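Colleague: Attaching a single structure in C-alpha cells format; questions to follow.
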Amino acid sequence: MTNVQLTPDKLIYVGVDLHKQHHTAVIIDCWNQKLGEIKFDNKPTAFPQLEKEVKKYIKKGLSVVYGLEDVDGYGRALAVNLTEKGCWVKEVNAKLANHRRKSHITIEKSDSWDAECVAKVLRDELHKLPDAKPMDLYWAISQLVTQRKWQSKSLTGMVKRLHQQLGYHYPSYKKFFSEVDGKTALAFWHKYPSPSRLSGVGVDELALYLRKQSNYALSTKKAEQILTLIAEDGDTSRDFQ
C-alpha cells in the first residue's frame with residue numbers, strides 16, 4: 001500500500017519507538033500536533049492494542065501511515081503484522097530520528113519523545129522514506145549469518161584451549177594429524193586423552209581404531225607414527241587432568 005495520492009492533511013502519522021520487551025507509539029496529525037500515545041508489549045497478541053488506539057483518531061477521509069525505525073530487529077514482528085493487514089508502513093532511518101531529537105532546544109530522552117520524533121520525521125519525509133518490507137527469507141539469512149559468526153568465534157576459542165591441553169600431554173601432537181580438530185583426531189583425543197591411556201595398546205589395536213574412525217584413510221602406518229612420537233616424547237605416565 002503506497003497511498004502516494006494522499007496529501008499530508010489526509011493522513012495521521014504513527015511513530016513507534018521499538019524495544020525488545022515493549023514498544024511506544026505516538027500519533028500526530030499533519031500539523032505535528034500530538035493526538036495520542038500508547039505503550040504495548042512486543043508480542044503479536046498485544047499489537048491489536050495499537051490499531052485500536054489509532055482508530056480513535058481516524059476520522060472520515062483520513063488514512064494512517066506507520067513509521068518504524070527497526071523493521072529487521074525488534075520491530076520486525078510488528079512490521080510483519082501491520083504489512084500483512086495491508087497497513088502502510090514506512091522504515092524511518094534511525095539517524096533521521098536522532099537528528100530530530102538533537103535539533104530540539106531541550107534534548108529530551110524518553111520512549112514517548114523518541115516515538116514522537118519518529119512520527120515527525122515520518123510526517124516531513126514521508127515520500128522519501130522506503131516502504132517497510134520485512135521479508136522472512138532475508139531475516140532468516142541474517143539470523144543464520146549472526147549465529148555462524150558467534151559459533152565461529154566460540155569454536156576458535158575452544159580450538160585454542162584444545163591446543164593448550166594437548167601440549168601438556170602430547171608434546172608432539174601437531175605431528176599426529178593434519179588437523180587437530182578433525183573427525184579422526186577428535187575421536188583419538190577423546191579415547192586417549194593422555195599417553196597413559198595408550199599403555200598396553202599395540203600397533204594393530206590402534207590401527208584398527210584409526211581405520212574405523214577415518215573410514216580407512218588411516219591405519220597401520222599412522223598408528224606406528226603416533227606410538228613412535230609418544231615414545232620419543234618420554235614420560236608416558238602423564239595422565240589426563
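Each chain in the C-alpha cells gets a letter, A, B, ..., in the order shown, and its residues are numbered from 1; ligands are numbered from 1 in order too.
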As a ChimeraX atom specification, please: the residues near Tyr170 (chain A) (cut-off 8 Å, only C-alpha atoms, same-chain neighbours under 2 positions excluded).
Modeller: /A:166-168,172-173,194-195,230,233
Colleague: Residues near Glu51 (chain A), anyone? I mean within 12 Å using only C-alpha atoms, not counting same-chain ones fewer than 3 positions away, as a list in words.
Modeller: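 The residues that qualify are Val14, Ala25, Ile27, Glu37, Ile38, Lys39, Phe40, Pro44, Thr45, Ala46, Phe47, Pro48, Val54, Lys55, Lys56, Tyr57, Ile58, Val64, Val65, Tyr66, Leu78, Asn81, Leu82, Lys85 and Cys87 of chain A.
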Colleague: Pull N, CA and C atoms from the residues just selected and write them as a compact mmCIF listing (two decimals), in the first residue's frame.
Modeller:
```
# COMPACT_ATOMS: atom_id res chain seq x y z
N VAL A 14 1.90 7.76 12.71
CA VAL A 14 2.17 6.99 13.92
C VAL A 14 3.65 6.62 13.96
N ALA A 25 4.15 4.04 20.95
CA ALA A 25 3.71 4.70 19.73
C ALA A 25 3.11 6.06 20.05
N ILE A 27 0.98 9.29 18.14
CA ILE A 27 0.17 9.62 16.97
C ILE A 27 0.11 11.14 16.83
N GLU A 37 -1.05 8.55 22.46
CA GLU A 37 0.15 7.76 22.76
C GLU A 37 -0.27 6.44 23.38
N ILE A 38 0.50 5.39 23.11
CA ILE A 38 0.21 4.08 23.70
C ILE A 38 1.49 3.28 23.84
N LYS A 39 1.59 2.56 24.94
CA LYS A 39 2.71 1.65 25.17
C LYS A 39 2.14 0.23 25.19
N PHE A 40 2.77 -0.68 24.46
CA PHE A 40 2.26 -2.04 24.38
C PHE A 40 3.41 -3.03 24.27
N PRO A 44 2.73 -10.40 19.28
CA PRO A 44 1.59 -10.33 18.37
C PRO A 44 0.23 -10.15 19.05
N THR A 45 0.05 -10.76 20.22
CA THR A 45 -1.25 -10.65 20.89
C THR A 45 -1.53 -9.24 21.39
N ALA A 46 -0.48 -8.41 21.51
CA ALA A 46 -0.65 -7.05 22.00
C ALA A 46 -0.76 -6.02 20.88
N PHE A 47 -0.42 -6.41 19.66
CA PHE A 47 -0.43 -5.46 18.55
C PHE A 47 -1.81 -4.86 18.25
N PRO A 48 -2.90 -5.62 18.43
CA PRO A 48 -4.23 -5.03 18.20
C PRO A 48 -4.51 -3.81 19.08
N VAL A 54 -5.18 3.76 17.49
CA VAL A 54 -5.06 4.60 16.29
C VAL A 54 -6.43 4.90 15.68
N LYS A 55 -7.32 3.91 15.72
CA LYS A 55 -8.65 4.08 15.13
C LYS A 55 -9.44 5.22 15.78
N LYS A 56 -9.11 5.57 17.01
CA LYS A 56 -9.80 6.66 17.69
C LYS A 56 -9.62 8.00 16.97
N TYR A 57 -8.53 8.11 16.21
CA TYR A 57 -8.18 9.38 15.59
C TYR A 57 -8.37 9.38 14.07
N ILE A 58 -8.87 8.28 13.54
CA ILE A 58 -9.09 8.20 12.10
C ILE A 58 -10.51 8.67 11.78
N VAL A 64 -4.01 6.32 7.67
CA VAL A 64 -2.92 6.27 8.64
C VAL A 64 -1.66 5.68 8.01
N VAL A 65 -0.51 6.19 8.42
CA VAL A 65 0.76 5.64 8.00
C VAL A 65 1.63 5.45 9.24
N TYR A 66 2.31 4.31 9.30
CA TYR A 66 3.14 3.96 10.45
C TYR A 66 4.61 4.14 10.09
N LEU A 78 6.21 -6.55 14.52
CA LEU A 78 5.17 -5.55 14.34
C LEU A 78 5.05 -5.17 12.87
N ASN A 81 3.26 -7.86 11.06
CA ASN A 81 1.85 -7.86 11.44
C ASN A 81 1.08 -6.76 10.71
N LEU A 82 1.64 -5.57 10.66
CA LEU A 82 0.96 -4.44 10.03
C LEU A 82 0.89 -4.58 8.52
N LYS A 85 -1.65 -6.97 7.22
CA LYS A 85 -3.02 -6.47 7.32
C LYS A 85 -3.29 -5.35 6.32
N CYS A 87 -1.62 -2.47 6.06
CA CYS A 87 -1.32 -1.13 6.56
C CYS A 87 -0.14 -0.54 5.80
```
Colleague: Enumerate, as a PyMOL selection string, the complete set of residues in region 7-237 of chain A that a backbone-based DSSP assignment places in alpha helix (DSSP H).
Modeller: chain A and resi 47-55+76-84+94-102+111-125+136-169+183-191+203-213+220-233
Colleague: Apply DSSP to the backbone of this structure and, from region 40-216 of chain A, keep only the residues in strand (DSSP E or B); write these as a list in words.
Modeller: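 Restricting region 40-216 of chain A to strand (DSSP E or B) produces Phe40, Asp41, Ser63, Val64, Val65, Tyr66, Gly67, Leu68, Trp88, Val89, Lys90, Glu91 and Asp131 of chain A.
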Colleague: Create the file for the chosen residues now, containing N, CA and C atoms and written as a PDB file, in the first residue's frame.
Modeller:
```pdb
ATOM      1  N   PHE A  40       2.770  -0.677  24.456  1.00  0.00           N
ATOM      2  CA  PHE A  40       2.257  -2.044  24.375  1.00  0.00           C
ATOM      3  C   PHE A  40       3.407  -3.033  24.272  1.00  0.00           C
ATOM      4  N   ASP A  41       3.147  -4.278  24.654  1.00  0.00           N
ATOM      5  CA  ASP A  41       4.177  -5.317  24.650  1.00  0.00           C
ATOM      6  C   ASP A  41       4.581  -5.688  23.232  1.00  0.00           C
ATOM      7  N   SER A  63      -6.466   8.699   6.484  1.00  0.00           N
ATOM      8  CA  SER A  63      -5.787   7.409   6.459  1.00  0.00           C
ATOM      9  C   SER A  63      -4.618   7.471   7.432  1.00  0.00           C
ATOM     10  N   VAL A  64      -4.006   6.324   7.667  1.00  0.00           N
ATOM     11  CA  VAL A  64      -2.919   6.272   8.641  1.00  0.00           C
ATOM     12  C   VAL A  64      -1.665   5.683   8.007  1.00  0.00           C
ATOM     13  N   VAL A  65      -0.513   6.190   8.425  1.00  0.00           N
ATOM     14  CA  VAL A  65       0.763   5.637   7.998  1.00  0.00           C
ATOM     15  C   VAL A  65       1.627   5.446   9.239  1.00  0.00           C
ATOM     16  N   TYR A  66       2.308   4.311   9.303  1.00  0.00           N
ATOM     17  CA  TYR A  66       3.138   3.960  10.448  1.00  0.00           C
ATOM     18  C   TYR A  66       4.610   4.138  10.091  1.00  0.00           C
ATOM     19  N   GLY A  67       5.393   4.614  11.055  1.00  0.00           N
ATOM     20  CA  GLY A  67       6.832   4.743  10.864  1.00  0.00           C
ATOM     21  C   GLY A  67       7.576   3.938  11.913  1.00  0.00           C
ATOM     22  N   LEU A  68       8.439   3.003  11.463  1.00  0.00           N
ATOM     23  CA  LEU A  68       9.204   2.152  12.369  1.00  0.00           C
ATOM     24  C   LEU A  68      10.683   2.311  12.062  1.00  0.00           C
ATOM     25  N   TRP A  88      -0.090   0.782   5.777  1.00  0.00           N
ATOM     26  CA  TRP A  88       1.014   1.487   5.128  1.00  0.00           C
ATOM     27  C   TRP A  88       2.097   1.689   6.174  1.00  0.00           C
ATOM     28  N   VAL A  89       3.249   1.071   5.950  1.00  0.00           N
ATOM     29  CA  VAL A  89       4.334   1.106   6.930  1.00  0.00           C
ATOM     30  C   VAL A  89       5.609   1.608   6.262  1.00  0.00           C
ATOM     31  N   LYS A  90       6.221   2.607   6.870  1.00  0.00           N
ATOM     32  CA  LYS A  90       7.460   3.171   6.358  1.00  0.00           C
ATOM     33  C   LYS A  90       8.620   2.852   7.292  1.00  0.00           C
ATOM     34  N   GLU A  91       9.794   2.692   6.717  1.00  0.00           N
ATOM     35  CA  GLU A  91      11.004   2.466   7.506  1.00  0.00           C
ATOM     36  C   GLU A  91      11.702   3.806   7.713  1.00  0.00           C
ATOM     37  N   ASP A 131       9.250   2.029   1.842  1.00  0.00           N
ATOM     38  CA  ASP A 131       8.223   1.202   2.459  1.00  0.00           C
ATOM     39  C   ASP A 131       8.908   0.060   3.209  1.00  0.00           C
TER      40      ASP A 131
END
```
Colleague: Within 12 Å of region 110-113 of chain A, counting only C-alpha atoms, which residues show up once you throw out same-chain ones fewer than 4 positions away? Write them as a PDB file with C-alpha atoms, in the first residue's frame, please.
Modeller:
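Here's the written file part04.pdb:
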```pdb
ATOM      1  CA  VAL A  14       2.166   6.988  13.925  1.00  0.00           C
ATOM      2  CA  GLY A  15       5.783   6.884  15.052  1.00  0.00           C
ATOM      3  CA  VAL A  16       6.859   3.816  17.011  1.00  0.00           C
ATOM      4  CA  ASP A  17       9.846   3.614  19.365  1.00  0.00           C
ATOM      5  CA  LEU A  18      10.858  -0.044  19.385  1.00  0.00           C
ATOM      6  CA  HIS A  19      12.351  -2.116  22.178  1.00  0.00           C
ATOM      7  CA  HIS A  22       7.759  -3.259  24.599  1.00  0.00           C
ATOM      8  CA  HIS A  23       7.034  -0.523  22.064  1.00  0.00           C
ATOM      9  CA  THR A  24       5.760   3.032  22.458  1.00  0.00           C
ATOM     10  CA  ALA A  25       3.713   4.704  19.726  1.00  0.00           C
ATOM     11  CA  VAL A  26       2.856   8.378  19.357  1.00  0.00           C
ATOM     12  CA  ILE A  27       0.167   9.622  16.970  1.00  0.00           C
ATOM     13  CA  LYS A  34       0.286  15.113  19.241  1.00  0.00           C
ATOM     14  CA  GLY A  36      -2.343  10.238  21.376  1.00  0.00           C
ATOM     15  CA  GLU A  37       0.147   7.758  22.760  1.00  0.00           C
ATOM     16  CA  ILE A  38       0.208   4.081  23.696  1.00  0.00           C
ATOM     17  CA  LYS A  39       2.712   1.647  25.174  1.00  0.00           C
ATOM     18  CA  PHE A  40       2.257  -2.044  24.375  1.00  0.00           C
ATOM     19  CA  ALA A  97      15.067  10.432  14.098  1.00  0.00           C
ATOM     20  CA  ASN A  98      18.185  11.058  16.174  1.00  0.00           C
ATOM     21  CA  ARG A 100      15.333  15.431  15.025  1.00  0.00           C
ATOM     22  CA  ARG A 101      15.838  14.723  18.741  1.00  0.00           C
ATOM     23  CA  LYS A 102      19.074  16.725  18.861  1.00  0.00           C
ATOM     24  CA  HIS A 104      15.121  20.280  19.767  1.00  0.00           C
ATOM     25  CA  THR A 106      15.809  20.931  25.158  1.00  0.00           C
ATOM     26  CA  CYS A 117      10.441  12.262  16.773  1.00  0.00           C
ATOM     27  CA  VAL A 118       9.947   9.212  14.554  1.00  0.00           C
ATOM     28  CA  ALA A 119       6.396  10.402  13.817  1.00  0.00           C
ATOM     29  CA  LYS A 120       7.623  13.904  12.907  1.00  0.00           C
TER      30      LYS A 120
END
```
